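Structure file coords37.txt; described as compact mmCIF, C-alpha atoms.
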# COMPACT_ATOMS: atom_id res chain seq x y z
CA MET A 1 -0.51 1.09 -24.12
CA LYS A 2 2.62 3.24 -24.09
CA ASP A 3 1.47 5.22 -21.06
CA VAL A 4 1.72 3.98 -17.48
CA TRP A 5 -1.84 4.30 -16.27
CA VAL A 6 -0.86 5.03 -12.66
CA GLU A 7 0.83 8.23 -13.82
CA LYS A 8 -1.58 8.99 -16.65
CA TYR A 9 -4.58 9.03 -14.29
CA ARG A 10 -2.81 10.40 -11.22
CA PRO A 11 -4.85 13.32 -9.80
CA ARG A 12 -3.19 16.64 -10.57
CA THR A 13 -4.87 18.76 -7.90
CA LEU A 14 -6.18 18.17 -4.39
CA ALA A 15 -9.73 18.39 -5.70
CA ASP A 16 -9.09 15.25 -7.78
CA VAL A 17 -7.68 13.06 -4.98
CA VAL A 18 -9.85 9.98 -4.46
CA GLY A 19 -11.15 8.60 -1.18
CA GLN A 20 -9.62 11.02 1.35
CA GLU A 21 -12.28 13.72 1.50
CA ASP A 22 -11.76 14.82 5.12
CA THR A 23 -8.00 15.03 4.72
CA VAL A 24 -8.26 16.89 1.41
CA GLU A 25 -10.57 19.53 2.89
CA ARG A 26 -8.06 20.32 5.61
CA LEU A 27 -5.20 20.49 3.10
CA LYS A 28 -7.23 22.79 0.86
CA ALA A 29 -7.50 25.23 3.77
CA TYR A 30 -3.71 25.42 4.01
CA VAL A 31 -3.42 25.99 0.26
CA ALA A 32 -6.08 28.70 0.37
CA ALA A 33 -4.04 30.48 3.05
CA ARG A 34 -0.98 30.21 0.72
CA ASN A 35 1.00 28.63 3.55
CA ILE A 36 1.48 25.16 5.02
CA PRO A 37 3.14 23.75 8.15
CA HIS A 38 5.41 20.72 8.08
CA LEU A 39 3.17 17.76 7.23
CA MET A 40 3.25 14.02 7.85
CA PHE A 41 1.13 11.63 5.77
CA ALA A 42 0.73 8.19 7.35
CA GLY A 43 -1.18 5.23 6.00
CA PRO A 44 -1.10 2.08 3.84
CA PRO A 45 0.44 2.04 0.34
CA GLY A 46 -1.62 3.27 -2.61
CA THR A 47 -3.95 5.54 -0.68
CA GLY A 48 -2.85 8.90 -2.12
CA LYS A 49 0.00 10.16 0.07
CA THR A 50 2.48 10.93 -2.71
CA THR A 51 -0.30 12.19 -4.97
CA SER A 52 -1.49 14.61 -2.28
CA ALA A 53 2.03 15.96 -1.71
CA ILE A 54 2.52 16.68 -5.41
CA ALA A 55 -1.00 18.13 -5.68
CA ILE A 56 -0.24 20.56 -2.83
CA ALA A 57 2.85 21.80 -4.70
CA ARG A 58 0.91 22.18 -7.95
CA ASP A 59 -1.93 24.04 -6.23
CA LEU A 60 0.47 26.34 -4.35
CA PHE A 61 3.04 27.09 -7.05
CA GLY A 62 1.10 26.53 -10.28
CA SER A 63 1.30 23.77 -12.86
CA ASP A 64 4.29 25.39 -14.59
CA GLY A 65 6.53 26.42 -11.69
CA TRP A 66 5.97 23.77 -9.02
CA ALA A 67 8.74 21.35 -10.11
CA GLY A 68 11.52 23.86 -9.39
CA ARG A 69 10.29 24.37 -5.84
CA PHE A 70 9.62 20.73 -5.01
CA LEU A 71 12.30 18.18 -4.08
CA GLU A 72 11.15 14.55 -3.88
CA LEU A 73 13.40 11.94 -2.27
CA ASN A 74 12.69 8.32 -1.48
CA ALA A 75 14.10 7.73 1.97
CA SER A 76 14.21 3.96 1.52
CA ASP A 77 16.88 4.42 -1.19
CA GLU A 78 18.80 7.20 0.52
CA ARG A 79 18.24 6.57 4.19
CA GLY A 80 21.46 7.67 5.87
CA ILE A 81 22.54 10.87 7.56
CA GLY A 82 24.49 11.87 4.44
CA VAL A 83 21.37 12.61 2.39
CA VAL A 84 20.05 14.92 5.14
CA ARG A 85 23.32 16.80 5.43
CA GLY A 86 23.77 16.86 1.65
CA LYS A 87 20.82 17.05 -0.74
CA ILE A 88 18.16 18.13 1.74
CA LYS A 89 20.24 20.77 3.52
CA GLU A 90 21.52 22.28 0.27
CA PHE A 91 18.00 22.52 -1.14
CA ALA A 92 16.48 23.84 2.10
CA ARG A 93 18.98 26.59 2.79
CA VAL A 94 18.22 28.47 -0.47
CA GLY A 95 14.94 30.37 -0.21
CA SER A 96 12.41 31.18 -2.92
CA ALA A 97 11.53 34.77 -3.69
CA GLU A 98 8.04 33.78 -4.82
CA HIS A 99 4.92 32.17 -3.36
CA GLY A 100 5.50 33.11 0.25
CA GLY A 101 9.25 32.50 0.06
CA PHE A 102 9.29 28.75 0.74
CA LYS A 103 9.88 25.50 -1.12
CA ILE A 104 8.80 21.93 -0.34
CA VAL A 105 10.90 18.88 0.44
CA PHE A 106 8.92 15.64 0.12
CA LEU A 107 10.44 12.61 1.86
CA ASP A 108 8.68 9.46 0.70
CA GLU A 109 8.89 6.37 2.95
CA ALA A 110 10.41 8.48 5.71
CA ASP A 111 9.96 5.63 8.20
CA ALA A 112 12.95 3.97 6.46
CA LEU A 113 15.31 6.74 7.61
CA THR A 114 17.88 5.69 10.20
CA HIS A 115 17.63 7.12 13.70
CA ASP A 116 20.70 9.33 13.13
CA ALA A 117 19.22 10.64 9.87
CA GLN A 118 15.94 11.47 11.62
CA SER A 119 17.83 13.32 14.35
CA ALA A 120 19.66 15.37 11.72
CA LEU A 121 16.40 15.98 9.86
CA ARG A 122 14.79 17.26 13.05
CA ARG A 123 17.38 20.03 13.32
CA THR A 124 17.17 20.85 9.59
CA MET A 125 13.37 21.19 9.78
CA GLU A 126 13.75 23.60 12.70
CA LYS A 127 16.55 25.68 11.19
CA TYR A 128 15.15 26.21 7.68
CA THR A 129 11.45 26.70 8.38
CA ALA A 130 11.57 30.17 6.84
CA THR A 131 12.62 28.82 3.44
CA THR A 132 11.38 25.22 3.35
CA ARG A 133 8.40 23.10 4.37
CA PHE A 134 8.78 19.36 4.79
CA ILE A 135 6.20 16.73 3.88
CA LEU A 136 6.97 13.27 5.22
CA SER A 137 5.20 10.16 3.93
CA CYS A 138 5.29 6.89 5.87
CA ASN A 139 3.47 3.60 6.27
CA TYR A 140 4.16 3.42 10.01
CA SER A 141 4.22 6.73 11.87
CA SER A 142 5.45 4.94 15.02
CA LYS A 143 8.85 4.58 13.33
CA ILE A 144 9.24 8.37 13.14
CA ILE A 145 10.87 9.88 16.22
CA ASP A 146 8.63 11.97 18.47
CA PRO A 147 10.48 15.29 17.95
CA ILE A 148 9.72 15.11 14.22
CA GLN A 149 6.11 14.07 14.77
CA SER A 150 5.57 17.01 17.13
CA ARG A 151 6.82 19.41 14.44
CA CYS A 152 4.33 18.13 11.86
CA ALA A 153 0.60 18.24 11.30
CA VAL A 154 -0.21 14.53 10.99
CA PHE A 155 -2.73 13.31 8.40
CA ARG A 156 -3.77 9.66 8.38
CA PHE A 157 -4.79 8.14 5.05
CA ARG A 158 -7.21 5.21 5.06
CA PRO A 159 -7.62 2.42 2.50
CA LEU A 160 -10.17 3.24 -0.19
CA THR A 161 -13.62 1.71 0.02
CA GLN A 162 -14.77 -0.84 -2.54
CA ASP A 163 -17.22 1.62 -4.07
CA GLN A 164 -14.49 4.23 -4.54
CA VAL A 165 -12.17 1.71 -6.18
CA LYS A 166 -14.96 0.40 -8.44
CA LYS A 167 -15.80 3.91 -9.61
CA TYR A 168 -12.16 4.64 -10.44
CA VAL A 169 -11.71 1.32 -12.27
CA ARG A 170 -14.82 1.93 -14.38
CA LYS A 171 -13.57 5.43 -15.21
CA ILE A 172 -10.20 4.15 -16.48
CA ALA A 173 -11.76 1.19 -18.32
CA LYS A 174 -14.12 3.56 -20.14
CA ALA A 175 -11.33 6.01 -21.03
CA GLU A 176 -9.08 3.20 -22.33
CA ASN A 177 -11.91 1.34 -24.05
CA VAL A 178 -11.25 -1.79 -21.98
CA GLU A 179 -14.02 -4.30 -21.31
CA ILE A 180 -14.03 -5.60 -17.75
CA THR A 181 -16.52 -8.09 -16.35
CA ALA A 182 -18.26 -7.76 -12.99
CA GLU A 183 -16.25 -10.76 -11.77
CA GLY A 184 -13.07 -9.03 -12.96
CA VAL A 185 -13.88 -5.97 -10.87
CA GLU A 186 -14.48 -8.14 -7.79
CA ALA A 187 -11.18 -9.93 -8.39
CA LEU A 188 -9.41 -6.55 -8.59
CA LEU A 189 -10.92 -5.54 -5.25
CA PHE A 190 -9.79 -8.81 -3.66
CA VAL A 191 -6.25 -8.55 -4.98
CA ALA A 192 -5.67 -4.85 -4.30
CA LYS A 193 -7.20 -4.58 -0.79
CA GLY A 194 -7.77 -0.81 -0.98
CA ASP A 195 -4.45 -0.05 -2.69
CA LEU A 196 -5.47 2.07 -5.69
CA ARG A 197 -2.00 2.06 -7.24
CA ARG A 198 -1.93 -1.73 -7.27
CA THR A 199 -5.47 -1.77 -8.63
CA VAL A 200 -4.58 0.39 -11.64
CA ASN A 201 -1.32 -1.46 -12.34
CA THR A 202 -3.11 -4.82 -12.20
CA LEU A 203 -5.84 -3.56 -14.52
CA GLN A 204 -3.28 -2.38 -17.08
CA VAL A 205 -1.36 -5.67 -17.03
CA ALA A 206 -4.55 -7.69 -17.42
CA ALA A 207 -5.79 -5.41 -20.23
CA ALA A 208 -2.49 -5.85 -22.08
CA LEU A 209 -3.33 -9.54 -22.57
CA GLY A 210 -6.13 -8.52 -24.95
CA GLY A 211 -9.83 -9.27 -24.77
CA ALA A 212 -12.07 -8.66 -21.80
CA VAL A 213 -10.53 -8.38 -18.34
CA THR A 214 -11.94 -11.26 -16.30
CA ASP A 215 -11.36 -12.66 -12.84
CA GLU A 216 -9.22 -15.38 -14.43
CA SER A 217 -6.87 -12.87 -16.06
CA ILE A 218 -6.62 -10.87 -12.82
CA TYR A 219 -5.65 -13.89 -10.71
CA LYS A 220 -3.21 -15.16 -13.32
CA THR A 221 -1.37 -11.87 -13.79
CA THR A 222 -1.02 -11.27 -10.03
CA SER A 223 -0.13 -14.87 -9.11
CA THR A 224 -3.06 -14.94 -6.70
CA ALA A 225 -5.05 -18.08 -6.03
CA ARG A 226 -8.81 -17.90 -6.35
CA PRO A 227 -10.43 -17.45 -2.91
CA GLU A 228 -12.71 -20.43 -3.54
CA GLU A 229 -9.69 -22.67 -4.23
CA VAL A 230 -7.98 -21.66 -0.99
CA LYS A 231 -11.27 -22.24 0.81
CA LYS A 232 -11.46 -25.71 -0.76
CA LEU A 233 -7.92 -26.38 0.53
CA LEU A 234 -8.91 -25.54 4.10
CA GLU A 235 -12.28 -27.30 4.02
CA THR A 236 -10.66 -30.48 2.68
CA ALA A 237 -8.19 -30.41 5.56
CA LEU A 238 -10.92 -29.73 8.14
CA ASP A 239 -12.86 -32.71 6.73
CA GLY A 240 -9.91 -34.90 7.73
CA ASP A 241 -8.47 -35.72 4.29
CA PHE A 242 -4.85 -34.65 4.65
CA MET A 243 -3.57 -36.21 1.41
CA ALA A 244 -6.36 -34.62 -0.66
CA SER A 245 -5.65 -31.18 0.85
CA ARG A 246 -1.96 -31.70 0.11
CA ASN A 247 -2.86 -32.37 -3.53
CA VAL A 248 -4.90 -29.16 -3.65
CA LEU A 249 -1.88 -27.33 -2.24
CA ASP A 250 0.35 -28.82 -4.95
CA ASN A 251 -2.07 -27.61 -7.61
CA LEU A 252 -2.08 -24.07 -6.19
CA LEU A 253 1.69 -23.87 -6.01
CA ILE A 254 2.17 -25.19 -9.55
CA GLU A 255 -0.68 -23.32 -11.27
CA TYR A 256 -0.21 -19.92 -9.64
CA GLY A 257 3.48 -20.04 -8.69
CA LEU A 258 2.80 -18.86 -5.15
CA SER A 259 5.46 -18.54 -2.49
CA GLY A 260 4.92 -19.89 1.01
CA GLU A 261 4.20 -16.42 2.39
CA ASP A 262 1.62 -15.81 -0.36
CA VAL A 263 -0.18 -19.01 0.62
CA ILE A 264 -0.11 -18.12 4.32
CA ARG A 265 -1.57 -14.66 3.68
CA GLN A 266 -4.41 -16.09 1.61
CA ILE A 267 -5.09 -18.80 4.19
CA HIS A 268 -5.32 -16.09 6.85
CA ARG A 269 -7.88 -14.13 4.82
CA THR A 270 -9.90 -17.26 4.06
CA VAL A 271 -10.15 -18.62 7.61
CA PHE A 272 -12.78 -15.99 8.41
CA ASP A 273 -15.00 -17.22 5.57
CA LEU A 274 -15.16 -20.78 6.90
CA THR A 275 -18.43 -22.04 8.39
CA ILE A 276 -16.93 -23.07 11.72
CA PRO A 277 -17.41 -21.72 15.27
CA ASP A 278 -15.63 -18.47 16.12
CA LYS A 279 -13.68 -20.19 18.88
CA GLN A 280 -12.22 -22.58 16.33
CA LYS A 281 -11.33 -19.68 14.00
CA VAL A 282 -9.39 -18.10 16.87
CA MET A 283 -7.36 -21.28 17.36
CA LEU A 284 -6.64 -21.59 13.64
CA VAL A 285 -5.60 -17.95 13.23
CA ASP A 286 -3.26 -18.36 16.20
CA LYS A 287 -1.64 -21.33 14.46
CA VAL A 288 -1.42 -19.44 11.14
CA GLY A 289 0.46 -16.66 12.95
CA GLU A 290 2.88 -19.15 14.47
CA ILE A 291 3.59 -20.79 11.10
CA GLU A 292 4.08 -17.40 9.42
CA PHE A 293 6.62 -16.45 12.11
CA ARG A 294 8.55 -19.69 11.59
CA MET A 295 8.70 -19.04 7.85
CA VAL A 296 9.96 -15.48 8.35
CA GLU A 297 12.66 -16.86 10.62
CA GLY A 298 13.84 -19.15 7.82
CA ALA A 299 11.99 -22.44 8.26
CA ASN A 300 11.24 -24.57 5.17
CA GLU A 301 8.06 -23.20 3.58
CA ARG A 302 6.70 -26.50 2.31
CA ILE A 303 7.15 -28.29 5.62
CA GLN A 304 5.50 -25.46 7.52
CA ILE A 305 2.46 -25.23 5.24
CA GLU A 306 1.94 -28.99 5.39
CA ALA A 307 2.29 -28.79 9.18
CA LEU A 308 -0.46 -26.16 9.14
CA LEU A 309 -2.69 -28.40 7.03
CA ALA A 310 -2.06 -31.22 9.51
CA HIS A 311 -3.17 -28.90 12.31
CA PHE A 312 -6.36 -28.12 10.37
CA VAL A 313 -7.02 -31.87 10.03
CA LEU A 314 -6.64 -32.34 13.81
CA ALA A 315 -8.79 -29.27 14.47
CA GLY A 316 -11.51 -30.68 12.23
CA GLN A 317 -11.62 -33.88 14.28
CA THR A 318 -12.42 -31.92 17.45
CA LYS A 319 -15.55 -30.20 16.02
Output the file's structure as structure tokens, nothing else.
Amino acid sequence: MKDVWVEKYRPRTLADVVGQEDTVERLKAYVAARNIPHLMFAGPPGTGKTTSAIAIARDLFGSDGWAGRFLELNASDERGIGVVRGKIKEFARVGSAEHGGFKIVFLDEADALTHDAQSALRRTMEKYTATTRFILSCNYSSKIIDPIQSRCAVFRFRPLTQDQVKKYVRKIAKAENVEITAEGVEALLFVAKGDLRRTVNTLQVAAALGGAVTDESIYKTTSTARPEEVKKLLETALDGDFMASRNVLDNLLIEYGLSGEDVIRQIHRTVFDLTIPDKQKVMLVDKVGEIEFRMVEGANERIQIEALLAHFVLAGQTK
């Protein structure tokens, strides 16, 4: 397993991009016209934003010449005004004599750029349109200033469906001669939550252990508690047995090595699977949100989780 599967099976052209059919069709129209506007790709991680940007360059400039006309920068690493005035401006000001005379600057995680850097980028995008097109990728488009958004055609990427992820997992497993059980596939879907990059990385790590990829290997390699165990934790608390639920919590923390925030996120997902009235779910989710906020602000994780379990015990007594 010398290859990194995320890169090995990354789609090379727009036609190969998974799960974003409507967006891909619109992008293909730009490529067919041999011209593109400034673009903004917004959406959750692992949904194909970076892949689509690279695929556009490959489709426009050819598989041999695209790299020389494509500058990729991760804005979360170089997020100040200096990178805009330096690398980006120097690349943008030099035109290309081929393929319509423009190059592409791809700014990944552009929502991490400072406000000053975005203001400088706005002017650069306007000044060098004749020689350069910009593609911005972000998780939260609201963090991009309005003048930049108005200069871009915005494309929103959605999380992949379970069927799309399953199909892709089966394809890789077949190509790599990896056996994966049905329970293993379901565990991958639970862990990845529509993030295809995380899905493929998790599959490769689990496959590296040898033998069939099972739900057990998936949960172990991702330090994720089984959903049924988290459900048992909450049901035990709702039944009024605080000490027993605390013991279940100890087992989860020791066996899976979870952090407090990991536990809170899984509790939040599991609340909706409980067989309790919707009104009670609303009250519990509200409390989960409060506890999560306290932990982010620096409160002791263990105390806060046990306080949440105590709240579940009290909530169970009011059923």
Give me the residues near segment 263-276 of chain A as a PyMOL selection string, where near means some atom within 8 Å (using only C-alpha atoms) and where sequence neighbours in that chain fewer than 6 positions away do not count. chain A and resi 225+227+230-231+234-235+284-285+288+292+305
Hey, can you check how far atom CA of Phe70 of chain A sits from atom CA of Pro147 of chain A?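 Calculated distance between atom CA of Phe70 of chain A and atom CA of Pro147 of chain A is 23.6 Å.
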Interatomic distance, atom CA of Phe157 of chain A to atom CA of Met40 of chain A (Å, one decimal):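 Between atom CA of Phe157 of chain A and atom CA of Met40 of chain A the gap works out to 10.3 Å.
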Can you report as JSON the centre and edge lengths in Å, to one decimal, of an axis-aligned box around the listed atoms of segment 153-169 of chain A padded with 6 Å on each side?
{"center_x": -8.3, "center_y": 8.7, "center_z": -0.5, "size_x": 29.8, "size_y": 31.1, "size_z": 35.6}
Could you jot down the atom CA of Asp239 of chain A to atom CA of Val313 of chain A separation for me, Å, one decimal place?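 If I compute the distance from atom CA of Asp239 of chain A to atom CA of Val313 of chain A, I get 6.8 Å.
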Mind checking which residues fall within 7 Å of Lys103 of chain A, counting all atoms listed in the file, ignoring those fewer than 5 positions away in the same chain, and posting them as a list in words? Arg69, Phe70, Ser96, Thr131, Thr132 and Arg133 of chain A
Neighbouring residues of Lys167 of chain A were defined as those with any atom within 12 Å, considering all atoms listed in the file; residues of the same chain fewer than 6 positions away were excluded. Please report them as JSON, numbers by chain. {"A": [18, 19, 160, 161, 173, 174, 185, 189, 196, 199, 200]}
Can you pull out every residue within 8 Å of Leu188 of chain A, counting only C-alpha atoms, but drop anything in the same chain fewer than 5 positions away, and send it as number ranges by chain? A: 199, 202-203, 215, 218
Let's have the selection written as a CSV table (one decimal), in the frame of the given file, with C-alpha atoms.
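Produced file out22.csv, reproduced below:
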chain,number,residue,atom,x,y,z
A,199,THR,CA,-5.5,-1.8,-8.6
A,202,THR,CA,-3.1,-4.8,-12.2
A,203,LEU,CA,-5.8,-3.6,-14.5
A,215,ASP,CA,-11.4,-12.7,-12.8
A,218,ILE,CA,-6.6,-10.9,-12.8
Please list as a PDB file with C-alpha atoms, in the frame of the given file every residue within 6 Å of Arg156 of chain A, counting only C-alpha atoms and excluding residues in the same chain fewer than 4 positions away.
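The result, written out as selection_23.pdb:
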ATOM      1  CA  PHE A  41       1.130  11.630   5.770  1.00  0.00           C
ATOM      2  CA  ALA A  42       0.730   8.190   7.350  1.00  0.00           C
ATOM      3  CA  GLY A  43      -1.180   5.230   6.000  1.00  0.00           C
TER       4      GLY A  43
END
Rank A:Val31, A:Val105, A:Ala120, A:Met295 by their smallest atom-to-atom distance to Leu136 of chain A, using only C-alpha atoms, and report the top residue only.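 The answer is A:Val105, which sits nearest to Leu136 of chain A.
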Minimum-distance residue to Arg93 of chain A, chosen among A:Val24, A:Val154, A:Leu308, A:Ala130 (using only C-alpha atoms): A:Ala130
